[in-house]
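Trainee: The structure's right below; bear with me while I get my questions together.
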Amino acid sequence: MKIELDKIYKSKDVETRWYKVWEKSRYFCPNENLDLDPFVIVIPPPNVTGILHMGHALNNTIQDILTRWHRMKQQPTLWMPGMDHAGIATQNVVERKLAKEGKTRHDLGREAFLEETWKWKEEHGSTISKQLRHLGSSCDWTRERFTMDEGLSRSVRETFVRLYEKGLIYQGHYIINWCPRCHTALSDEEAPHKDSEGSLYHIKYPIKDSKDKFVVVATTRPETMLGDTAVAINPTDERYSDLVKQKLNLPLVDRELSVVQDDFVDKEFGTGVVKVTPAHDPNDFEIGKRHDLEFINVMNEDGSINEAGGAYQGLDRFKARKKIVKDLEELGLLLKVEPHQHAVGHCYRCDTVIEPYFSKQWFVKMKPMAEKAIKVVQEGRVQFIPDRWTKVYLNWMENIRDWCISRQIWWGHRIPVWYCNDCEHINVSREDVTECQECKSKNLRQDEDVLDTWFSSWLWPFSTLGWPDETPDLKRFYPTTDLVTGSEIIFFWVARMIMAGCEFLGKEPFKTVNIHGTIRDGDGTKMSKSLGNTIDPLDVIDEVGADALRFSLMMITGSGQDAYLSKDKFEIGRNFTNKIWNACRFLFMNLESEKLEDFELSESELKNLTLIDEWILAELNSTIKKVNFALEVYRFNDAASDLYHFFWHAFCDWYIELVKPKLTSEGEDLISKGERQLTEKVMLHVIEKSLRLIHPIMPFQSEEIWQKLKALCNKDLGESISLSQWPETNHDLINEESIQKVELLQEIATVLRNFRAENNVAPRDKIHIACELESADSVVKGLASEIKLLANAEEVQFISSQKEKGKWFKVGVLKEIILYVDASQDIDIAKRKKVVDESLNNVDAYIHSLEKKLSNDKFKNNAPKEVYEKEVEKLQESLKKQKVFQEEKKTLEELV
RNA sequence: GGGGACUUAGCUCAGUUGGUUAGAGCGCUACCUUGACAUGGUAGAGGUCGGAGGUUCGAAUCCUCUAGUUCCCACCA
């Protein structure tokens with residue numbers, strides 16, 4: 001039976017070929033196994049406008065590893081895919097497109113604009129799901145959802161109505177974050193503050209009916225003074241106690257201002273006098289409410305000054321600011337301007353400076369829901385990994401503020417509210433309303449606004465499963481198991497999902513939240529398109545393959561830690577896929593066995609193993625154990641590096657090298673046919689298990705090789721490695737003794753190779769080796785042929801210490817053995833002497849420290865017995881070494 | 001203002017309950033173009049774990065302070 005692999009691994013061909021098969025064969029749909037708990041992940045739905053970036057690649061690789069791992073454990077496994085309609089982002093895209101044609105959305109009107117947007121979605125909206133397939137993501141695409149599809153829209157309405165009926169949704173006039181470019185309200189989370197250099201303007205407000213008397217107020221936004229309706233001081237501030245009875249004249253605008261006392265005012269800051277603009281500042285808004293002040297809105301939706309601004313009407317807010325400052329200066333009312341650093345909100349979509357804006361919006365009352373969501377985390381029913389995020393989450397939850405959910409855009413779920421034009425009744429309904437519930441009038445108008453995009457995302461873990469219907473999927477797959485996401489959407493998404501799950505289903509939506517790090521570039525700045533510092537995952541896939549990308553990402557990103565990425569980081573994955581490919585190729589090339597029954601090793605086969613076979617099986621099983629553990633605790637980097645070290649540095653570097661002669665022609669005389677067959681079987685067993693272990697991280701290549709391997713076997717291994725059984729650890733095969741023996745063998749080989757390197761003995765030249773053994777029954781005796789092979793020796797002799805002194809040259813000292821080579825070699829005595837001197841110094845120092853430690857009674861009394869004994873053992877060994885080195889030093893000195 | 005995270009070889013990072021003469025990958029040096037792989041092999045050089053103090057028989061690992069880098073959160077005009 002011959003199986004062949006191409007000379008080089010052609011990732012592109014393999015990837016497209018297998019993904020098609022996987023998807024077509026519905027391997028990614030959950031199985032019907034009722035005995036095992038289902039494993040469920042919902043994808044953090046990427047924006048429909050999105051294109052795959054490294055953050056996605058990391059996020060989805062982790063999800064895929066978990067999904068494939070559980071699928072191989074034969075659990076019913078569902079990775080629910082889908083996309084987010086991304087209200088503002090998508091609308092921006094379509095509006096930009098229209099702008100190129102010289103049109104605005106208003107030219108089209110609402111209906112036509114939405115049609116246009118759906119059209120855009122149909123044409124471009126599947127980009128990212130295609131890209132996720134390139135990555136190998138094993139989502140169940142038959143269940144793919146979109147936040148605006150019919151079912152999800154229904155759950156949005158259901159939740160809105162329920163919350164409204166419960167009194168948790170209310171409408172009101174408040175100061176919200178307004179983006180003058182997107183023309184919409186934003187939630188607090190959507191308006192992140194950035195420190196910016198601004199100015200603090202000190203302005204004189206004249207006191208009415210006084211000559212030249214004035215108070216000084218300070219502001220960073222002078223243009224808002226157009227909307228001032230009062231000035232506030234701290235009630236305990238004696239400097240201004242007289243002021244309370246007086247009135248002020250607001251400059252530039254002909255308006256009288258009263259003076260109010262409010263605790264909010266900090267006596268220490270500035271002059272201790274605050275201008276109050278209730279319609280343009282959240283704090284002033286509160287003061288305004290407390291003191292029943294007038295709310296004057298001075299801006300239009302685009303941030304320009306409106307008619308209330310008198311002479312400044314029509315000016316953009318920043319132009320108005322300049323002009324106002326200039327005018328004040330001319331009037332002699334500008335006292336001074338100081339540089340001032342302060343935090344300014346910016347639109348998270350377009351980065352425009354947010355305007356605190358007074359308007360009527362819909363809000364969700366969050367406190368009652370937060371309480372439940374806090375509880376489930378505190379009780380450990382939802383667990384953050386790493387745990388430090390728990391604190392971040394709880395802190396936000398405990399200080400939660402109401403959620404502004406109305407957006408003044410068109411793309412999204414329209415608010416299910418109909419106002420009666422006749423009786424002004426507010427109709428809130430799951431179904432479209434055509435008749436007023438109060439007065440039966442048909443003269444209704446629906447609320448113009450749509451809901452925040454996150455108002456549909458927060459339902460994602462159950463809306464995708466069919467909720468509010470009691471669907472079989474919902475029963476079977478809710479609550480989901482793991483959530484995998486980045487830290488930047490803990491508040492936006494994770495926290496709200498927990499609230500929604502508890503509120504609407506009475507059960508937390510997932511058990512663990514795995515927060516992975518952020519991908520940054522080599523300088524540590526976040527990768528973003530606008531900075532132009534991105535590495536496109538698709539380019540990487542193109543160059544090195546998806547498996548290499550995935551593996552590299554796992555090697556690079558420590559648990560939850562940010563990763564600093566540069567292109568060369570992907571070499572590790574590329575090299576590893578190459579190594580696996582070539583190792584398998586080599587082994588397949590030299591196979592002689594006929595078809596095997598299967599790859600499992602029978603009892604009798606296990607009894608006939610060579611030491612090397614025993615050892616590799618021990619290493620394999622200890623790797624299975626480690627990988628299992630790593631995955632269980634979400635330490636993907638550990639899993640990846642465990643696999644890497646096993647396959648490369650145990651299997652390839654040592655095992656294959658050791659069995660090579662048996663497999664190639666020169667070995668034919670050396671072993672019996674049965675022995676060769678057994679070795680081949682062990683080797684195939686190891687490869688087959690390794691492939692299964694690697695499959696969650698590197699799905700494509702493992703499938704390709706595994707399918708070739710299948711042909712060698714009579715037993716039906718199944719259709720795909722992705723459905724095959726996840727390897728279990730066979731603890732009986734973790735044979736410590738064989739591990740120790742092979743470690744000794746490796747040390748011996750290293751010493752001898754080192755000798756070659758130091759003395760420039762060519763690898764081809766055979767050497768003669770002698771081993772002086774501590775005891776006659778040393779295990780080393782059984783290793784002669786391996787030593788011979790690894791050191792390329794003509795022969796290996798075992799000698800006793802006293803004899804044949806002149807013939808052998810000492811090259812190394814190990815645990816139970818002293819190594820010699822034939823003294824006829826051309827040996828660099830000076831070099832050797834240097835090495836021996838250094839070794840002796842090290843050993844001396846080490847012995848000194850050990851003796852010190854051991855002579856300390858406190859150590860003897862306090863340290864655990866094993867630790868103490870270990871130290872004693874170390875000392876004995878070191879003393880032996882010391883003796884040998886001393887002798888050798890003497891010998892070398894005589895020779896010089 | 002509050003809360004995290006990070007600081008270990010030239011670079012990027014491991015080091016899970018304190019006990020290793022401190023590890024890996026890349027890079028570097030020397031040798032190897034022997035038919036699996038130069039995306040390779042062998043050998044080697046290179047850190048005392050940001051700094052200071054403390055706890056302990058024993059600390060990279062725990063505590064305190066301190067410096068630097070960085071990320072969140074926060075309504076001080």
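Ordering of the structure tokens sets the chain letters (A, B, ...), residue numbers begin anew at 1 in every chain, and ligands are numbered from 1 in the order given.
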Excluding U56 in chain B and its own-chain neighbours fewer than 4 positions away, which residues fall within 12 Å of it when counting only C-alpha atoms (C1' of nucleotides)? Please give them as a count of residues only.
Mentor: 8
Trainee: For the contact check between chain A and chain B, emit one row per residue of chain A within 8 Å, containing the shortest atom pair and the distance in Å rounded to one decimal, counting only C-alpha atoms (C1' of nucleotides), chain then rising number order, as a Markdown table.
Mentor:
| residue | atom | partner | partner_atom | distance |
| --- | --- | --- | --- | --- |
| A:Ala218 | CA | B:A77 | C1' | 6.4 |
| A:Thr219 | CA | B:A77 | C1' | 5.6 |
| A:Thr220 | CA | B:A77 | C1' | 7.5 |
| A:Asp266 | CA | B:C76 | C1' | 7.5 |
| A:Phe269 | CA | B:C76 | C1' | 7.9 |
| A:Val274 | CA | B:A77 | C1' | 6.0 |
| A:Lys275 | CA | B:A77 | C1' | 7.5 |
| A:Pro282 | CA | B:C75 | C1' | 6.3 |
| A:Asn283 | CA | B:C75 | C1' | 5.7 |
| A:Arg388 | CA | B:G4 | C1' | 7.6 |
| A:Val392 | CA | B:G3 | C1' | 7.6 |
| A:Trp396 | CA | B:C73 | C1' | 7.9 |
| A:Ile556 | CA | B:C13 | C1' | 7.6 |
| A:Tyr564 | CA | B:U12 | C1' | 7.9 |
| A:Glu571 | CA | B:U39 | C1' | 7.5 |
| A:Ile572 | CA | B:G25 | C1' | 7.6 |
| A:Arg574 | CA | B:U39 | C1' | 6.5 |
| A:Asn575 | CA | B:U39 | C1' | 4.6 |
| A:Asn578 | CA | B:U39 | C1' | 6.3 |
| A:Lys579 | CA | B:C37 | C1' | 6.0 |
| A:Asn582 | CA | B:A36 | C1' | 4.6 |
| A:Ala583 | CA | B:A36 | C1' | 5.2 |
| A:Cys584 | CA | B:A36 | C1' | 7.4 |
| A:Arg585 | CA | B:A36 | C1' | 5.9 |
| A:Phe586 | CA | B:A36 | C1' | 4.1 |
| A:Leu587 | CA | B:A36 | C1' | 7.5 |
| A:Arg753 | CA | B:A43 | C1' | 6.9 |
| A:Asn754 | CA | B:A43 | C1' | 5.6 |
| A:Ala757 | CA | B:A43 | C1' | 5.9 |
| A:Asn760 | CA | B:C31 | C1' | 7.9 |
| A:Pro763 | CA | B:C32 | C1' | 7.7 |
| A:Tyr846 | CA | B:U21 | C1' | 6.4 |
| A:Lys853 | CA | B:C57 | C1' | 7.9 |
| A:Asn856 | CA | B:C57 | C1' | 6.9 |
| A:Asp857 | CA | B:C57 | C1' | 7.5 |
| A:Lys858 | CA | B:C57 | C1' | 4.5 |
| A:Phe859 | CA | B:C57 | C1' | 3.8 |
| A:Lys860 | CA | B:C57 | C1' | 7.4 |
| A:Asn861 | CA | B:C57 | C1' | 7.9 |
| A:Asn862 | CA | B:C57 | C1' | 6.4 |
| A:Ala863 | CA | B:C57 | C1' | 7.2 |
| A:Val867 | CA | B:G19 | C1' | 6.5 |
Trainee: Can you pull out every residue within 6 Å of range 411-426 of chain A, counting only C-alpha atoms (C1' of nucleotides), but drop anything in the same chain fewer than 6 positions away, and send it as a PyMOL selection string?
Mentor: chain A and resi 87+443-447+449-451
Trainee: Quick one: pick out all helix (DSSP H, G or I) residues within range 412-631 of chain A from a backbone DSSP run and write them as a PyMOL selection string.
Mentor: chain A and resi 454-457+460-463+472-477+487-505+529-531+537-544+546-556+567-589+603-607+611-631
Trainee: Enter the distance from CA of Ala823 in chain A to CA of Ile748 in chain A, in Å, rounded to one decimal.
Mentor: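 So the two atoms, CA of Ala823 in chain A and CA of Ile748 in chain A, lie 18.0 Å apart.
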Trainee: Just give me the gap between CA of Lys741 in chain A and CA of Glu772 in chain A in Å, one decimal is fine.
Mentor: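 Here the two named atoms are 16.6 Å from each other.
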Trainee: Do you know which residues are at most 12 Å from Ala830 in chain A counting only C-alpha atoms (C1' of nucleotides), after dropping those on the same chain fewer than 4 positions away, and could you put them as an mmCIF file with all heavy atoms, in the first residue's frame?
Mentor:
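Once everything was written out, this is around-v3.cif:
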data_model
loop_
_atom_site.group_PDB
_atom_site.id
_atom_site.type_symbol
_atom_site.label_atom_id
_atom_site.label_comp_id
_atom_site.auth_asym_id
_atom_site.auth_seq_id
_atom_site.Cartn_x
_atom_site.Cartn_y
_atom_site.Cartn_z
ATOM 1 N N GLU A 758 33.226 20.364 18.856
ATOM 2 C CA GLU A 758 34.384 21.035 19.429
ATOM 3 C C GLU A 758 35.693 20.627 18.776
ATOM 4 O O GLU A 758 36.651 21.394 18.733
ATOM 5 C CB GLU A 758 34.442 20.754 20.932
ATOM 6 C CG GLU A 758 33.670 21.779 21.715
ATOM 7 C CD GLU A 758 33.653 21.434 23.193
ATOM 8 O OE1 GLU A 758 34.360 20.510 23.621
ATOM 9 O OE2 GLU A 758 32.900 22.118 23.912
ATOM 10 N N ASN A 759 35.731 19.407 18.292
ATOM 11 C CA ASN A 759 36.992 18.918 17.727
ATOM 12 C C ASN A 759 36.956 18.785 16.221
ATOM 13 O O ASN A 759 37.816 18.158 15.624
ATOM 14 C CB ASN A 759 37.366 17.591 18.376
ATOM 15 C CG ASN A 759 37.610 17.763 19.861
ATOM 16 O OD1 ASN A 759 38.627 18.311 20.267
ATOM 17 N ND2 ASN A 759 36.651 17.348 20.655
ATOM 18 N N LYS A 834 39.805 23.822 28.699
ATOM 19 C CA LYS A 834 39.010 24.993 29.047
ATOM 20 C C LYS A 834 37.605 24.580 29.497
ATOM 21 O O LYS A 834 37.081 25.067 30.495
ATOM 22 C CB LYS A 834 38.915 25.924 27.823
ATOM 23 C CG LYS A 834 38.841 27.390 28.186
ATOM 24 C CD LYS A 834 38.873 28.229 26.916
ATOM 25 C CE LYS A 834 37.922 29.404 27.043
ATOM 26 N NZ LYS A 834 37.663 30.024 25.743
ATOM 27 N N VAL A 835 37.056 23.658 28.734
ATOM 28 C CA VAL A 835 35.723 23.176 29.064
ATOM 29 C C VAL A 835 35.723 22.518 30.443
ATOM 30 O O VAL A 835 34.842 22.758 31.269
ATOM 31 C CB VAL A 835 35.227 22.170 27.999
ATOM 32 C CG1 VAL A 835 33.932 21.504 28.440
ATOM 33 C CG2 VAL A 835 35.044 22.868 26.667
ATOM 34 N N VAL A 836 36.743 21.696 30.674
ATOM 35 C CA VAL A 836 36.813 20.994 31.957
ATOM 36 C C VAL A 836 36.992 21.983 33.100
ATOM 37 O O VAL A 836 36.335 21.868 34.141
ATOM 38 C CB VAL A 836 37.966 19.963 31.946
ATOM 39 C CG1 VAL A 836 38.192 19.400 33.344
ATOM 40 C CG2 VAL A 836 37.654 18.857 30.964
ATOM 41 N N ASP A 837 37.844 22.964 32.891
ATOM 42 C CA ASP A 837 38.042 23.972 33.937
ATOM 43 C C ASP A 837 36.734 24.677 34.279
ATOM 44 O O ASP A 837 36.395 24.863 35.444
ATOM 45 C CB ASP A 837 39.072 25.014 33.484
ATOM 46 C CG ASP A 837 40.492 24.443 33.589
ATOM 47 O OD1 ASP A 837 40.644 23.398 34.264
ATOM 48 O OD2 ASP A 837 41.408 25.024 33.003
ATOM 49 N N LYS A 889 41.205 16.811 34.801
ATOM 50 C CA LYS A 889 42.044 18.003 34.758
ATOM 51 C C LYS A 889 43.518 17.608 34.897
ATOM 52 O O LYS A 889 44.380 18.088 34.172
ATOM 53 C CB LYS A 889 41.636 18.941 35.899
ATOM 54 C CG LYS A 889 42.273 20.304 35.790
ATOM 55 C CD LYS A 889 41.806 21.233 36.887
ATOM 56 C CE LYS A 889 42.596 22.541 36.803
ATOM 57 N NZ LYS A 889 42.259 23.452 37.889
ATOM 58 N N LEU A 892 44.791 15.975 31.776
ATOM 59 C CA LEU A 892 44.989 16.956 30.719
ATOM 60 C C LEU A 892 46.247 17.762 30.958
ATOM 61 O O LEU A 892 46.996 18.088 30.034
ATOM 62 C CB LEU A 892 43.778 17.894 30.624
ATOM 63 C CG LEU A 892 42.526 17.276 29.997
ATOM 64 C CD1 LEU A 892 41.310 18.137 30.244
ATOM 65 C CD2 LEU A 892 42.732 17.061 28.502
ATOM 66 N N GLU A 893 46.479 18.094 32.237
ATOM 67 C CA GLU A 893 47.685 18.854 32.560
ATOM 68 C C GLU A 893 48.938 18.062 32.221
ATOM 69 O O GLU A 893 49.935 18.612 31.755
ATOM 70 C CB GLU A 893 47.670 19.246 34.041
ATOM 71 C CG GLU A 893 46.943 20.568 34.254
ATOM 72 C CD GLU A 893 46.523 20.783 35.700
ATOM 73 O OE1 GLU A 893 46.808 19.921 36.556
ATOM 74 O OE2 GLU A 893 45.880 21.823 35.955
ATOM 75 N N LEU A 895 49.170 15.901 29.908
ATOM 76 C CA LEU A 895 49.276 15.826 28.448
ATOM 77 C C LEU A 895 49.871 17.085 27.837
ATOM 78 O O LEU A 895 50.513 17.033 26.791
ATOM 79 C CB LEU A 895 47.895 15.580 27.831
ATOM 80 C CG LEU A 895 47.373 14.147 27.879
ATOM 81 C CD1 LEU A 895 45.948 14.088 27.402
ATOM 82 C CD2 LEU A 895 48.274 13.234 27.036
ATOM 83 N N VAL A 896 49.612 18.213 28.475
ATOM 84 C CA VAL A 896 50.045 19.477 27.873
ATOM 85 C C VAL A 896 51.561 19.651 27.932
ATOM 86 O O VAL A 896 52.202 19.209 28.847
ATOM 87 C CB VAL A 896 49.338 20.663 28.565
ATOM 88 C CG1 VAL A 896 49.951 21.986 28.129
ATOM 89 C CG2 VAL A 896 47.869 20.631 28.202
#
